file work.pdb (PDB, C-alpha atoms and all ligand atoms)
ATOM      1  CA  MET A   1       0.000   0.000   0.000  1.00  0.00           C
ATOM      2  CA  PRO A   2       1.698   3.253  -1.043  1.00  0.00           C
ATOM      3  CA  LEU A   3       2.142   6.083   1.409  1.00  0.00           C
ATOM      4  CA  ILE A   4      -0.378   8.749   0.316  1.00  0.00           C
ATOM      5  CA  ILE A   5       0.948  12.227   1.001  1.00  0.00           C
ATOM      6  CA  ARG A   6      -1.422  15.166   1.010  1.00  0.00           C
ATOM      7  CA  PRO A   7      -0.334  18.232  -1.046  1.00  0.00           C
ATOM      8  CA  SER A   8       2.273  20.093   0.963  1.00  0.00           C
ATOM      9  CA  ASN A   9       0.803  23.415   0.026  1.00  0.00           C
ATOM     10  CA  PRO A  10      -2.692  22.895  -1.409  1.00  0.00           C
ATOM     11  CA  ASN A  11      -3.206  26.593  -2.119  1.00  0.00           C
ATOM     12  CA  ASN A  12      -0.238  26.613  -4.444  1.00  0.00           C
ATOM     13  CA  ASN A  13      -1.440  23.415  -6.080  1.00  0.00           C
ATOM     14  CA  GLN A  14      -5.049  24.518  -6.494  1.00  0.00           C
ATOM     15  CA  ARG A  15      -4.521  25.041 -10.262  1.00  0.00           C
ATOM     16  CA  GLN A  16      -2.844  21.640 -10.583  1.00  0.00           C
ATOM     17  CA  HIS A  17      -4.351  18.939  -8.417  1.00  0.00           C
ATOM     18  CA  CYS A  18      -1.481  16.631  -7.396  1.00  0.00           C
ATOM     19  CA  ARG A  19      -1.767  13.248  -5.728  1.00  0.00           C
ATOM     20  CA  TRP A  20       1.619  12.239  -4.320  1.00  0.00           C
ATOM     21  CA  HIS A  21       2.245   8.483  -4.002  1.00  0.00           C
ATOM     22  CA  GLY A  22       5.419   7.490  -2.125  1.00  0.00           C
ATOM     23  CA  TYR A  23       6.896   3.975  -2.472  1.00  0.00           C
ATOM     24  CA  PRO A  24       9.645   2.366  -0.383  1.00  0.00           C
ATOM     25  CA  THR A  25      11.429   1.022  -3.466  1.00  0.00           C
ATOM     26  CA  ALA A  26      11.575   1.647  -7.212  1.00  0.00           C
ATOM     27  CA  ALA A  27      10.449  -1.969  -7.732  1.00  0.00           C
ATOM     28  CA  LEU A  28       7.211  -1.379  -5.831  1.00  0.00           C
ATOM     29  CA  LEU A  29       6.671   1.868  -7.734  1.00  0.00           C
ATOM     30  CA  GLU A  30       7.162   0.060 -11.059  1.00  0.00           C
ATOM     31  CA  GLN A  31       4.692  -2.668 -10.095  1.00  0.00           C
ATOM     32  CA  ALA A  32       2.115  -0.029  -9.168  1.00  0.00           C
ATOM     33  CA  ALA A  33       2.710   1.771 -12.449  1.00  0.00           C
ATOM     34  CA  VAL A  34       2.184  -1.421 -14.462  1.00  0.00           C
ATOM     35  CA  GLN A  35      -1.053  -2.096 -12.595  1.00  0.00           C
ATOM     36  CA  THR A  36      -2.289   1.441 -13.198  1.00  0.00           C
ATOM     37  CA  ILE A  37      -1.556   1.203 -16.917  1.00  0.00           C
ATOM     38  CA  LEU A  38      -3.340  -2.143 -17.228  1.00  0.00           C
ATOM     39  CA  GLU A  39      -6.371  -0.839 -15.353  1.00  0.00           C
ATOM     40  CA  ALA A  40      -6.516   2.259 -17.550  1.00  0.00           C
ATOM     41  CA  ALA A  41      -6.301   0.045 -20.627  1.00  0.00           C
ATOM     42  CA  GLU A  42      -9.053  -2.267 -19.411  1.00  0.00           C
ATOM     43  CA  LEU A  43     -11.347   0.665 -18.615  1.00  0.00           C
ATOM     44  CA  ALA A  44     -10.764   2.388 -21.968  1.00  0.00           C
ATOM     45  CA  ILE A  45     -11.152  -0.794 -23.992  1.00  0.00           C
ATOM     46  CA  SER A  46     -14.353  -1.744 -22.153  1.00  0.00           C
ATOM     47  CA  LYS A  47     -15.824   1.736 -22.642  1.00  0.00           C
ATOM     48  CA  ARG A  48     -14.478   2.804 -26.050  1.00  0.00           C
ATOM     49  CA  LYS A  49     -12.855  -0.290 -27.587  1.00  0.00           C
ATOM     50  CA  GLU A  50      -9.531   1.593 -27.789  1.00  0.00           C
ATOM     51  CA  PHE A  51      -6.729   2.612 -25.419  1.00  0.00           C
ATOM     52  CA  HIS A  52      -4.748   5.742 -26.281  1.00  0.00           C
ATOM     53  CA  LEU A  53      -1.491   5.872 -24.320  1.00  0.00           C
ATOM     54  CA  VAL A  54       1.301   8.461 -24.380  1.00  0.00           C
ATOM     55  CA  LEU A  55       4.685   6.995 -23.469  1.00  0.00           C
ATOM     56  CA  ALA A  56       7.323   8.827 -21.467  1.00  0.00           C
ATOM     57  CA  GLY A  57      10.939   8.933 -22.584  1.00  0.00           C
ATOM     58  CA  GLY A  58      14.157   8.911 -20.633  1.00  0.00           C
ATOM     59  CA  THR A  59      15.343   5.952 -18.587  1.00  0.00           C
ATOM     60  CA  THR A  60      12.899   5.812 -15.658  1.00  0.00           C
ATOM     61  CA  PRO A  61      10.046   4.061 -17.485  1.00  0.00           C
ATOM     62  CA  ARG A  62      12.202   1.423 -19.212  1.00  0.00           C
ATOM     63  CA  HIS A  63      11.678  -1.274 -16.586  1.00  0.00           C
ATOM     64  CA  VAL A  64       7.959  -0.465 -16.375  1.00  0.00           C
ATOM     65  CA  TYR A  65       7.753  -1.108 -20.129  1.00  0.00           C
ATOM     66  CA  GLU A  66       9.733  -4.338 -19.759  1.00  0.00           C
ATOM     67  CA  LEU A  67       7.340  -5.566 -17.050  1.00  0.00           C
ATOM     68  CA  LEU A  68       4.331  -4.439 -19.077  1.00  0.00           C
ATOM     69  CA  ARG A  69       5.212  -6.534 -22.131  1.00  0.00           C
ATOM     70  CA  ASN A  70       4.637  -9.748 -20.182  1.00  0.00           C
ATOM     71  CA  GLN A  71       1.134  -8.756 -19.113  1.00  0.00           C
ATOM     72  CA  ILE A  72      -2.158  -9.989 -20.545  1.00  0.00           C
ATOM     73  CA  THR A  73      -4.195  -7.319 -22.334  1.00  0.00           C
ATOM     74  CA  ASP A  74      -5.785  -6.860 -25.765  1.00  0.00           C
ATOM     75  CA  TRP A  75      -2.782  -5.255 -27.444  1.00  0.00           C
ATOM     76  CA  ARG A  76      -4.730  -4.927 -30.711  1.00  0.00           C
ATOM     77  CA  LYS A  77      -6.730  -2.136 -29.052  1.00  0.00           C
ATOM     78  CA  TRP A  78      -3.690  -0.121 -27.924  1.00  0.00           C
ATOM     79  CA  HIS A  79      -2.696   3.128 -29.685  1.00  0.00           C
ATOM     80  CA  ILE A  80       0.732   4.494 -28.782  1.00  0.00           C
ATOM     81  CA  TYR A  81       2.001   8.096 -28.869  1.00  0.00           C
ATOM     82  CA  PHE A  82       5.120   9.775 -27.489  1.00  0.00           C
ATOM     83  CA  GLY A  83       5.327  12.762 -25.186  1.00  0.00           C
ATOM     84  CA  ASP A  84       8.512  13.909 -26.841  1.00  0.00           C
ATOM     85  CA  GLU A  85      11.358  12.827 -29.091  1.00  0.00           C
ATOM     86  CA  ARG A  86      14.946  13.733 -29.608  1.00  0.00           C
ATOM     87  CA  CYS A  87      15.971  14.876 -33.085  1.00  0.00           C
ATOM     88  CA  LEU A  88      18.264  11.961 -33.856  1.00  0.00           C
ATOM     89  CA  PRO A  89      18.387   9.355 -36.640  1.00  0.00           C
ATOM     90  CA  VAL A  90      15.560   6.835 -36.620  1.00  0.00           C
ATOM     91  CA  ASN A  91      17.564   3.966 -35.118  1.00  0.00           C
ATOM     92  CA  ASP A  92      19.702   6.021 -32.766  1.00  0.00           C
ATOM     93  CA  ALA A  93      19.922   4.270 -29.392  1.00  0.00           C
ATOM     94  CA  GLU A  94      19.222   7.581 -27.640  1.00  0.00           C
ATOM     95  CA  ARG A  95      15.799   7.964 -29.231  1.00  0.00           C
ATOM     96  CA  ASN A  96      12.818   7.607 -26.909  1.00  0.00           C
ATOM     97  CA  SER A  97      11.138   5.562 -29.642  1.00  0.00           C
ATOM     98  CA  MET A  98      14.076   3.141 -29.643  1.00  0.00           C
ATOM     99  CA  MET A  99      13.903   2.667 -25.880  1.00  0.00           C
ATOM    100  CA  ALA A 100      10.175   2.001 -26.085  1.00  0.00           C
ATOM    101  CA  ALA A 101      10.636  -0.395 -29.001  1.00  0.00           C
ATOM    102  CA  GLN A 102      13.337  -2.407 -27.275  1.00  0.00           C
ATOM    103  CA  ALA A 103      11.551  -2.489 -23.906  1.00  0.00           C
ATOM    104  CA  LEU A 104       7.969  -2.959 -25.090  1.00  0.00           C
ATOM    105  CA  LEU A 105       6.803  -2.322 -28.643  1.00  0.00           C
ATOM    106  CA  ASN A 106       8.926  -4.977 -30.370  1.00  0.00           C
ATOM    107  CA  HIS A 107       7.516  -7.578 -27.988  1.00  0.00           C
ATOM    108  CA  VAL A 108       3.750  -7.059 -28.161  1.00  0.00           C
ATOM    109  CA  ALA A 109       1.103  -7.289 -30.896  1.00  0.00           C
ATOM    110  CA  ILE A 110       0.112  -3.644 -31.175  1.00  0.00           C
ATOM    111  CA  PRO A 111      -0.716  -3.056 -34.865  1.00  0.00           C
ATOM    112  CA  VAL A 112       2.130  -1.064 -36.391  1.00  0.00           C
ATOM    113  CA  GLY A 113      -0.330   1.505 -37.737  1.00  0.00           C
ATOM    114  CA  GLN A 114      -1.326   2.234 -34.154  1.00  0.00           C
ATOM    115  CA  ILE A 115       2.182   3.139 -33.023  1.00  0.00           C
ATOM    116  CA  HIS A 116       2.694   6.827 -33.744  1.00  0.00           C
ATOM    117  CA  ILE A 117       6.372   7.711 -33.572  1.00  0.00           C
ATOM    118  CA  ILE A 118       7.381  11.374 -33.749  1.00  0.00           C
ATOM    119  CA  PRO A 119       9.384  11.657 -37.025  1.00  0.00           C
ATOM    120  CA  ALA A 120      12.097  13.674 -35.276  1.00  0.00           C
ATOM    121  CA  GLU A 121      14.732  12.502 -37.774  1.00  0.00           C
ATOM    122  CA  GLN A 122      13.100  14.987 -40.163  1.00  0.00           C
ATOM    123  CA  GLY A 123      14.136  17.877 -37.920  1.00  0.00           C
ATOM    124  CA  ALA A 124      12.047  19.585 -35.268  1.00  0.00           C
ATOM    125  CA  GLU A 125      10.040  21.914 -37.539  1.00  0.00           C
ATOM    126  CA  ALA A 126       8.834  19.230 -39.958  1.00  0.00           C
ATOM    127  CA  ALA A 127       8.321  16.643 -37.212  1.00  0.00           C
ATOM    128  CA  ALA A 128       6.285  18.983 -35.007  1.00  0.00           C
ATOM    129  CA  ALA A 129       4.065  19.955 -37.936  1.00  0.00           C
ATOM    130  CA  ALA A 130       3.521  16.327 -38.905  1.00  0.00           C
ATOM    131  CA  TYR A 131       2.825  15.189 -35.340  1.00  0.00           C
ATOM    132  CA  SER A 132       0.379  18.020 -34.700  1.00  0.00           C
ATOM    133  CA  LEU A 133      -1.749  16.575 -37.521  1.00  0.00           C
ATOM    134  CA  ILE A 134      -1.704  13.171 -35.809  1.00  0.00           C
ATOM    135  CA  MET A 135      -2.643  14.833 -32.516  1.00  0.00           C
ATOM    136  CA  ASP A 136      -5.709  16.277 -34.251  1.00  0.00           C
ATOM    137  CA  THR A 137      -7.032  12.702 -34.576  1.00  0.00           C
ATOM    138  CA  VAL A 138      -7.122  12.113 -30.802  1.00  0.00           C
ATOM    139  CA  GLU A 139      -9.468  14.236 -28.709  1.00  0.00           C
ATOM    140  CA  LYS A 140      -8.367  12.917 -25.319  1.00  0.00           C
ATOM    141  CA  PHE A 141      -5.659  10.456 -24.318  1.00  0.00           C
ATOM    142  CA  ASP A 142      -6.698   7.728 -21.910  1.00  0.00           C
ATOM    143  CA  LEU A 143      -3.384   7.805 -20.072  1.00  0.00           C
ATOM    144  CA  VAL A 144      -0.278   9.975 -20.276  1.00  0.00           C
ATOM    145  CA  LEU A 145       3.014   8.845 -18.757  1.00  0.00           C
ATOM    146  CA  LEU A 146       5.634  11.469 -17.957  1.00  0.00           C
ATOM    147  CA  GLY A 147       9.050  11.623 -16.330  1.00  0.00           C
ATOM    148  CA  LEU A 148      10.620  14.453 -14.367  1.00  0.00           C
ATOM    149  CA  GLY A 149      14.032  15.991 -14.928  1.00  0.00           C
ATOM    150  CA  GLU A 150      16.337  17.359 -12.235  1.00  0.00           C
ATOM    151  CA  ASP A 151      15.429  20.896 -13.318  1.00  0.00           C
ATOM    152  CA  GLY A 152      11.704  20.167 -13.187  1.00  0.00           C
ATOM    153  CA  HIS A 153      11.320  19.574 -16.919  1.00  0.00           C
ATOM    154  CA  THR A 154       8.905  17.011 -18.261  1.00  0.00           C
ATOM    155  CA  ALA A 155       8.696  15.611 -21.771  1.00  0.00           C
ATOM    156  CA  SER A 156      10.859  18.212 -23.525  1.00  0.00           C
ATOM    157  CA  LEU A 157       9.298  21.182 -21.780  1.00  0.00           C
ATOM    158  CA  PHE A 158      12.285  22.892 -20.173  1.00  0.00           C
ATOM    159  CA  PRO A 159      12.656  25.942 -17.907  1.00  0.00           C
ATOM    160  CA  GLU A 160      13.077  29.226 -19.849  1.00  0.00           C
ATOM    161  CA  HIS A 161      11.364  27.668 -22.889  1.00  0.00           C
ATOM    162  CA  ASP A 162       7.829  27.789 -24.296  1.00  0.00           C
ATOM    163  CA  TRP A 163       5.702  25.140 -22.570  1.00  0.00           C
ATOM    164  CA  GLY A 164       2.642  25.623 -24.764  1.00  0.00           C
ATOM    165  CA  THR A 165       0.226  26.260 -21.908  1.00  0.00           C
ATOM    166  CA  SER A 166      -2.374  28.388 -23.688  1.00  0.00           C
ATOM    167  CA  PRO A 167      -5.378  26.673 -25.306  1.00  0.00           C
ATOM    168  CA  GLY A 168      -4.271  27.934 -28.709  1.00  0.00           C
ATOM    169  CA  SER A 169      -0.792  26.424 -28.427  1.00  0.00           C
ATOM    170  CA  SER A 170       0.297  23.894 -31.032  1.00  0.00           C
ATOM    171  CA  SER A 171      -0.046  20.282 -29.955  1.00  0.00           C
ATOM    172  CA  ALA A 172       3.578  19.548 -30.837  1.00  0.00           C
ATOM    173  CA  LEU A 173       6.295  22.104 -30.141  1.00  0.00           C
ATOM    174  CA  VAL A 174       9.682  22.704 -31.725  1.00  0.00           C
ATOM    175  CA  VAL A 175      12.319  22.676 -28.979  1.00  0.00           C
ATOM    176  CA  ASN A 176      15.703  24.271 -29.652  1.00  0.00           C
ATOM    177  CA  ASN A 177      18.602  24.768 -27.232  1.00  0.00           C
ATOM    178  CA  ALA A 178      17.332  22.106 -24.839  1.00  0.00           C
ATOM    179  CA  PRO A 179      19.657  21.935 -21.800  1.00  0.00           C
ATOM    180  CA  LYS A 180      19.433  18.131 -21.868  1.00  0.00           C
ATOM    181  CA  PRO A 181      21.121  16.786 -25.030  1.00  0.00           C
ATOM    182  CA  PRO A 182      20.289  16.607 -27.788  1.00  0.00           C
ATOM    183  CA  SER A 183      19.478  20.263 -28.007  1.00  0.00           C
ATOM    184  CA  GLU A 184      16.871  19.841 -30.761  1.00  0.00           C
ATOM    185  CA  ARG A 185      13.673  18.046 -29.837  1.00  0.00           C
ATOM    186  CA  VAL A 186       9.948  17.836 -30.376  1.00  0.00           C
ATOM    187  CA  SER A 187       7.563  17.873 -27.411  1.00  0.00           C
ATOM    188  CA  LEU A 188       3.850  17.667 -26.902  1.00  0.00           C
ATOM    189  CA  SER A 189       2.766  20.945 -25.367  1.00  0.00           C
ATOM    190  CA  ALA A 190       1.515  21.306 -21.812  1.00  0.00           C
ATOM    191  CA  GLN A 191      -1.999  21.960 -23.063  1.00  0.00           C
ATOM    192  CA  ARG A 192      -1.972  18.884 -25.311  1.00  0.00           C
ATOM    193  CA  LEU A 193      -0.527  16.621 -22.612  1.00  0.00           C
ATOM    194  CA  SER A 194      -3.298  17.867 -20.308  1.00  0.00           C
ATOM    195  CA  GLN A 195      -6.036  16.619 -22.652  1.00  0.00           C
ATOM    196  CA  CYS A 196      -6.236  13.224 -20.962  1.00  0.00           C
ATOM    197  CA  ARG A 197      -8.380  11.148 -18.619  1.00  0.00           C
ATOM    198  CA  LYS A 198      -5.444  10.139 -16.451  1.00  0.00           C
ATOM    199  CA  LEU A 199      -1.841  11.297 -16.099  1.00  0.00           C
ATOM    200  CA  MET A 200       0.943   9.619 -14.171  1.00  0.00           C
ATOM    201  CA  PHE A 201       4.451  10.907 -13.448  1.00  0.00           C
ATOM    202  CA  LEU A 202       7.111   8.290 -12.688  1.00  0.00           C
ATOM    203  CA  VAL A 203       9.950   9.699 -10.585  1.00  0.00           C
ATOM    204  CA  THR A 204      12.898   7.766  -9.174  1.00  0.00           C
ATOM    205  CA  GLY A 205      16.451   8.711  -8.191  1.00  0.00           C
ATOM    206  CA  ILE A 206      17.695  10.954  -5.422  1.00  0.00           C
ATOM    207  CA  ASN A 207      18.778  13.465  -8.074  1.00  0.00           C
ATOM    208  CA  LYS A 208      15.088  14.359  -8.520  1.00  0.00           C
ATOM    209  CA  ARG A 209      14.611  15.421  -4.876  1.00  0.00           C
ATOM    210  CA  LYS A 210      15.035  19.173  -5.480  1.00  0.00           C
ATOM    211  CA  ALA A 211      12.623  19.125  -8.397  1.00  0.00           C
ATOM    212  CA  ILE A 212      10.030  17.363  -6.245  1.00  0.00           C
ATOM    213  CA  GLN A 213      10.557  19.793  -3.384  1.00  0.00           C
ATOM    214  CA  ASP A 214      10.294  22.797  -5.715  1.00  0.00           C
ATOM    215  CA  TRP A 215       7.111  21.326  -7.175  1.00  0.00           C
ATOM    216  CA  ARG A 216       5.542  20.695  -3.760  1.00  0.00           C
ATOM    217  CA  ASN A 217       6.489  24.208  -2.683  1.00  0.00           C
ATOM    218  CA  GLY A 218       4.600  25.692  -5.588  1.00  0.00           C
ATOM    219  CA  ILE A 219       7.575  26.774  -7.665  1.00  0.00           C
ATOM    220  CA  ASP A 220       6.585  27.119 -11.315  1.00  0.00           C
ATOM    221  CA  ILE A 221       8.492  24.228 -12.867  1.00  0.00           C
ATOM    222  CA  PRO A 222       7.433  22.820 -16.256  1.00  0.00           C
ATOM    223  CA  ALA A 223       5.885  19.711 -14.636  1.00  0.00           C
ATOM    224  CA  ALA A 224       3.534  22.020 -12.716  1.00  0.00           C
ATOM    225  CA  ALA A 225       2.144  23.313 -16.002  1.00  0.00           C
ATOM    226  CA  ILE A 226       0.484  19.975 -16.798  1.00  0.00           C
ATOM    227  CA  LYS A 227      -3.119  20.405 -15.600  1.00  0.00           C
ATOM    228  CA  PRO A 228      -5.538  17.696 -16.704  1.00  0.00           C
ATOM    229  CA  GLU A 229      -9.084  18.062 -15.360  1.00  0.00           C
ATOM    230  CA  ASN A 230      -8.689  14.921 -13.251  1.00  0.00           C
ATOM    231  CA  GLY A 231      -5.394  16.028 -11.717  1.00  0.00           C
ATOM    232  CA  VAL A 232      -2.049  14.244 -11.826  1.00  0.00           C
ATOM    233  CA  ASP A 233      -0.671  11.252  -9.930  1.00  0.00           C
ATOM    234  CA  ILE A 234       3.016  11.397  -9.053  1.00  0.00           C
ATOM    235  CA  LEU A 235       4.498   7.968  -8.286  1.00  0.00           C
ATOM    236  CA  MET A 236       7.854   8.469  -6.575  1.00  0.00           C
ATOM    237  CA  GLU A 237      10.249   6.933  -4.112  1.00  0.00           C
ATOM    238  CA  GLU A 238       9.536   7.990  -0.525  1.00  0.00           C
ATOM    239  CA  THR A 239      13.158   9.128  -0.159  1.00  0.00           C
ATOM    240  CA  LEU A 240      12.393  12.053  -2.469  1.00  0.00           C
ATOM    241  CA  LEU A 241      10.230  13.752   0.125  1.00  0.00           C
TER
HETATM  242  C1  LIG B 301      13.746  12.828 -22.492  1.00  0.00           C
HETATM  243  C2  LIG B 301      12.526  12.655 -21.620  1.00  0.00           C
HETATM  244  C3  LIG B 301      12.639  13.479 -20.395  1.00  0.00           C
HETATM  245  C4  LIG B 301      12.786  12.515 -19.242  1.00  0.00           C
HETATM  246  C5  LIG B 301      13.332  13.211 -18.023  1.00  0.00           C
HETATM  247  C6  LIG B 301      13.704  12.171 -16.962  1.00  0.00           C
HETATM  248  O1  LIG B 301      13.628  12.805 -23.721  1.00  0.00           O
HETATM  249  O2  LIG B 301      14.815  12.959 -21.921  1.00  0.00           O
HETATM  250  O3  LIG B 301      11.377  12.814 -22.258  1.00  0.00           O
HETATM  251  O4  LIG B 301      11.566  14.328 -20.128  1.00  0.00           O
HETATM  252  O5  LIG B 301      11.522  11.933 -18.951  1.00  0.00           O
HETATM  253  O6  LIG B 301      14.489  13.926 -18.407  1.00  0.00           O
HETATM  254  O7  LIG B 301      14.709  11.345 -17.508  1.00  0.00           O
HETATM  255  P1  LIG B 301      15.181  10.029 -16.725  1.00  0.00           P
HETATM  256  O8  LIG B 301      13.977   9.134 -16.644  1.00  0.00           O
HETATM  257  O9  LIG B 301      16.261   9.446 -17.604  1.00  0.00           O
HETATM  258  O10 LIG B 301      15.659  10.471 -15.369  1.00  0.00           O
END

call {"tool": "encode", "arguments": {"input": "work.pdb", "output": "structure tokens"}}
result
Amino acid sequence: MPLIIRPSNPNNNQRQHCRWHGYPTAALLEQAAVQTILEAAELAISKRKEFHLVLAGGTTPRHVYELLRNQITDWRKWHIYFGDERCLPVNDAERNSMMAAQALLNHVAIPVGQIHIIPAEQGAEAAAAAYSLIMDTVEKFDLVLLGLGEDGHTASLFPEHDWGTSPGSSSALVVNNAPKPPSERVSLSAQRLSQCRKLMFLVTGINKRKAIQDWRNGIDIPAAAIKPENGVDILMEETLL
């Protein structure tokens, strides 16, 4: 049973409703994340015959994806999107799409036409324009997975950059001069990421402690700009509090 922590400063969080879930170990967090994803899939498939999932990049979710691939679900009903992508060649090991393919997508029977990779090898401008058109085909994601960077970034929404928070923002943003290499990226905007039924952050590693503390203290980090109507769940190691 995870330790449920009430918002440290609810007034500061009133515009973003956060539910903080602390776990004693990363393994327990990963198991909870897998269960949450499966439950979201089951609910969406039972209600709408489809499950629209946005995958997080980085390294944190890799083991969640590896655990997920062994689970029983109707993969034919899954539709996969990415929260962001690095502008690297298609098969570059540092691509978020490559991590997801190796950990999950190459191992499950999701129809290839239902896996929507950001074509970041085309360069950020062309890829963002192309992906925005794909985003127009999905009104609301069923579940969005996100990571958290040490500086409070999420997806490729970085401090001192445009986070795409206004309703008129593009769904997919061009990101230049990212502080986390590579410098050129594509990211779903904060407003587009917020168009979802459920959103879960996965946060492990003591190096994320300051970002979590800033977030809980109401500091305006990029992760705090993600404001789905049903709030956000942050699954993290207890040591980060
Ligand atoms: C990326 C990710 C990024 C990531 C965080 C956390 O392309 O780098 O989208 O937002 O989720 O930087 O990264 P780790 O999980 O590796 O700590």

call {"tool": "residues_near_ligand", "arguments": {"input": "work.pdb", "ligand": "ligand LIG 301 (chain B)", "cutoff": "10 Å", "atoms": "all atoms listed in the file", "output": "PyMOL selection string"}}
result
chain A and resi 55-62+82-87+94-97+145-158+178+180-182+185-187+201-205+207-208+223

call {"tool": "atom_distance", "arguments": {"input": "work.pdb", "atom1": "atom CA of Ile212 of chain A", "atom2": "atom CA of Val64 of chain A"}}
result
20.6 Å

call {"tool": "closest_residue", "arguments": {"input": "work.pdb", "among": "A:Ser132, A:Ser171, A:Gln195, A:Asn91", "to": "His52 of chain A", "atoms": "all atoms listed in the file"}}
result
A:Gln195

call {"tool": "resolve_selection", "arguments": {"input": "work.pdb", "expression": "the PyMOL selection byres (((chain A and resi 103-120) around 7) and not hetatm)", "output": "PDB file with C-alpha atoms, in the frame of the given file"}}
result
ATOM      1  CA  ARG A  62      12.202   1.423 -19.212  1.00  0.00           C
ATOM      2  CA  TYR A  65       7.753  -1.108 -20.129  1.00  0.00           C
ATOM      3  CA  GLU A  66       9.733  -4.338 -19.759  1.00  0.00           C
ATOM      4  CA  ARG A  69       5.212  -6.534 -22.131  1.00  0.00           C
ATOM      5  CA  TRP A  75      -2.782  -5.255 -27.444  1.00  0.00           C
ATOM      6  CA  ARG A  76      -4.730  -4.927 -30.711  1.00  0.00           C
ATOM      7  CA  TRP A  78      -3.690  -0.121 -27.924  1.00  0.00           C
ATOM      8  CA  HIS A  79      -2.696   3.128 -29.685  1.00  0.00           C
ATOM      9  CA  ILE A  80       0.732   4.494 -28.782  1.00  0.00           C
ATOM     10  CA  TYR A  81       2.001   8.096 -28.869  1.00  0.00           C
ATOM     11  CA  PHE A  82       5.120   9.775 -27.489  1.00  0.00           C
ATOM     12  CA  GLU A  85      11.358  12.827 -29.091  1.00  0.00           C
ATOM     13  CA  ARG A  86      14.946  13.733 -29.608  1.00  0.00           C
ATOM     14  CA  CYS A  87      15.971  14.876 -33.085  1.00  0.00           C
ATOM     15  CA  LEU A  88      18.264  11.961 -33.856  1.00  0.00           C
ATOM     16  CA  SER A  97      11.138   5.562 -29.642  1.00  0.00           C
ATOM     17  CA  MET A  99      13.903   2.667 -25.880  1.00  0.00           C
ATOM     18  CA  ALA A 100      10.175   2.001 -26.085  1.00  0.00           C
ATOM     19  CA  ALA A 101      10.636  -0.395 -29.001  1.00  0.00           C
ATOM     20  CA  GLN A 102      13.337  -2.407 -27.275  1.00  0.00           C
ATOM     21  CA  GLU A 121      14.732  12.502 -37.774  1.00  0.00           C
ATOM     22  CA  GLN A 122      13.100  14.987 -40.163  1.00  0.00           C
ATOM     23  CA  GLY A 123      14.136  17.877 -37.920  1.00  0.00           C
ATOM     24  CA  ALA A 124      12.047  19.585 -35.268  1.00  0.00           C
ATOM     25  CA  ALA A 127       8.321  16.643 -37.212  1.00  0.00           C
ATOM     26  CA  TYR A 131       2.825  15.189 -35.340  1.00  0.00           C
ATOM     27  CA  VAL A 186       9.948  17.836 -30.376  1.00  0.00           C
TER      28      VAL A 186
END

call {"tool": "atom_distance", "arguments": {"input": "work.pdb", "atom1": "atom CA of Ala128 of chain A", "atom2": "atom CA of Cys18 of chain A"}}
result
28.8 Å

call {"tool": "resolve_selection", "arguments": {"input": "work.pdb", "expression": "the PyMOL selection byres (((chain A and resi 241) around 12) and not hetatm)", "output": "PyMOL selection string"}}
result
chain A and resi 3-8+20-24+203-217+234-240

call {"tool": "write_last_selection", "arguments": {"input": "work.pdb", "atoms": "C-alpha atoms", "output": "PDB file, in the frame of the given file"}}
result
ATOM      1  CA  LEU A   3       2.142   6.083   1.409  1.00  0.00           C
ATOM      2  CA  ILE A   4      -0.378   8.749   0.316  1.00  0.00           C
ATOM      3  CA  ILE A   5       0.948  12.227   1.001  1.00  0.00           C
ATOM      4  CA  ARG A   6      -1.422  15.166   1.010  1.00  0.00           C
ATOM      5  CA  PRO A   7      -0.334  18.232  -1.046  1.00  0.00           C
ATOM      6  CA  SER A   8       2.273  20.093   0.963  1.00  0.00           C
ATOM      7  CA  TRP A  20       1.619  12.239  -4.320  1.00  0.00           C
ATOM      8  CA  HIS A  21       2.245   8.483  -4.002  1.00  0.00           C
ATOM      9  CA  GLY A  22       5.419   7.490  -2.125  1.00  0.00           C
ATOM     10  CA  TYR A  23       6.896   3.975  -2.472  1.00  0.00           C
ATOM     11  CA  PRO A  24       9.645   2.366  -0.383  1.00  0.00           C
ATOM     12  CA  VAL A 203       9.950   9.699 -10.585  1.00  0.00           C
ATOM     13  CA  THR A 204      12.898   7.766  -9.174  1.00  0.00           C
ATOM     14  CA  GLY A 205      16.451   8.711  -8.191  1.00  0.00           C
ATOM     15  CA  ILE A 206      17.695  10.954  -5.422  1.00  0.00           C
ATOM     16  CA  ASN A 207      18.778  13.465  -8.074  1.00  0.00           C
ATOM     17  CA  LYS A 208      15.088  14.359  -8.520  1.00  0.00           C
ATOM     18  CA  ARG A 209      14.611  15.421  -4.876  1.00  0.00           C
ATOM     19  CA  LYS A 210      15.035  19.173  -5.480  1.00  0.00           C
ATOM     20  CA  ALA A 211      12.623  19.125  -8.397  1.00  0.00           C
ATOM     21  CA  ILE A 212      10.030  17.363  -6.245  1.00  0.00           C
ATOM     22  CA  GLN A 213      10.557  19.793  -3.384  1.00  0.00           C
ATOM     23  CA  ASP A 214      10.294  22.797  -5.715  1.00  0.00           C
ATOM     24  CA  TRP A 215       7.111  21.326  -7.175  1.00  0.00           C
ATOM     25  CA  ARG A 216       5.542  20.695  -3.760  1.00  0.00           C
ATOM     26  CA  ASN A 217       6.489  24.208  -2.683  1.00  0.00           C
ATOM     27  CA  ILE A 234       3.016  11.397  -9.053  1.00  0.00           C
ATOM     28  CA  LEU A 235       4.498   7.968  -8.286  1.00  0.00           C
ATOM     29  CA  MET A 236       7.854   8.469  -6.575  1.00  0.00           C
ATOM     30  CA  GLU A 237      10.249   6.933  -4.112  1.00  0.00           C
ATOM     31  CA  GLU A 238       9.536   7.990  -0.525  1.00  0.00           C
ATOM     32  CA  THR A 239      13.158   9.128  -0.159  1.00  0.00           C
ATOM     33  CA  LEU A 240      12.393  12.053  -2.469  1.00  0.00           C
TER      34      LEU A 240
END

call {"tool": "residues_around", "arguments": {"input": "work.pdb", "residues": "Gln191 of chain A", "least_positions_apart": "4", "cutoff": "10 Å", "atoms": "only C-alpha atoms", "output": "PyMOL selection string"}}
result
chain A and resi 163-172+195-196+225-228
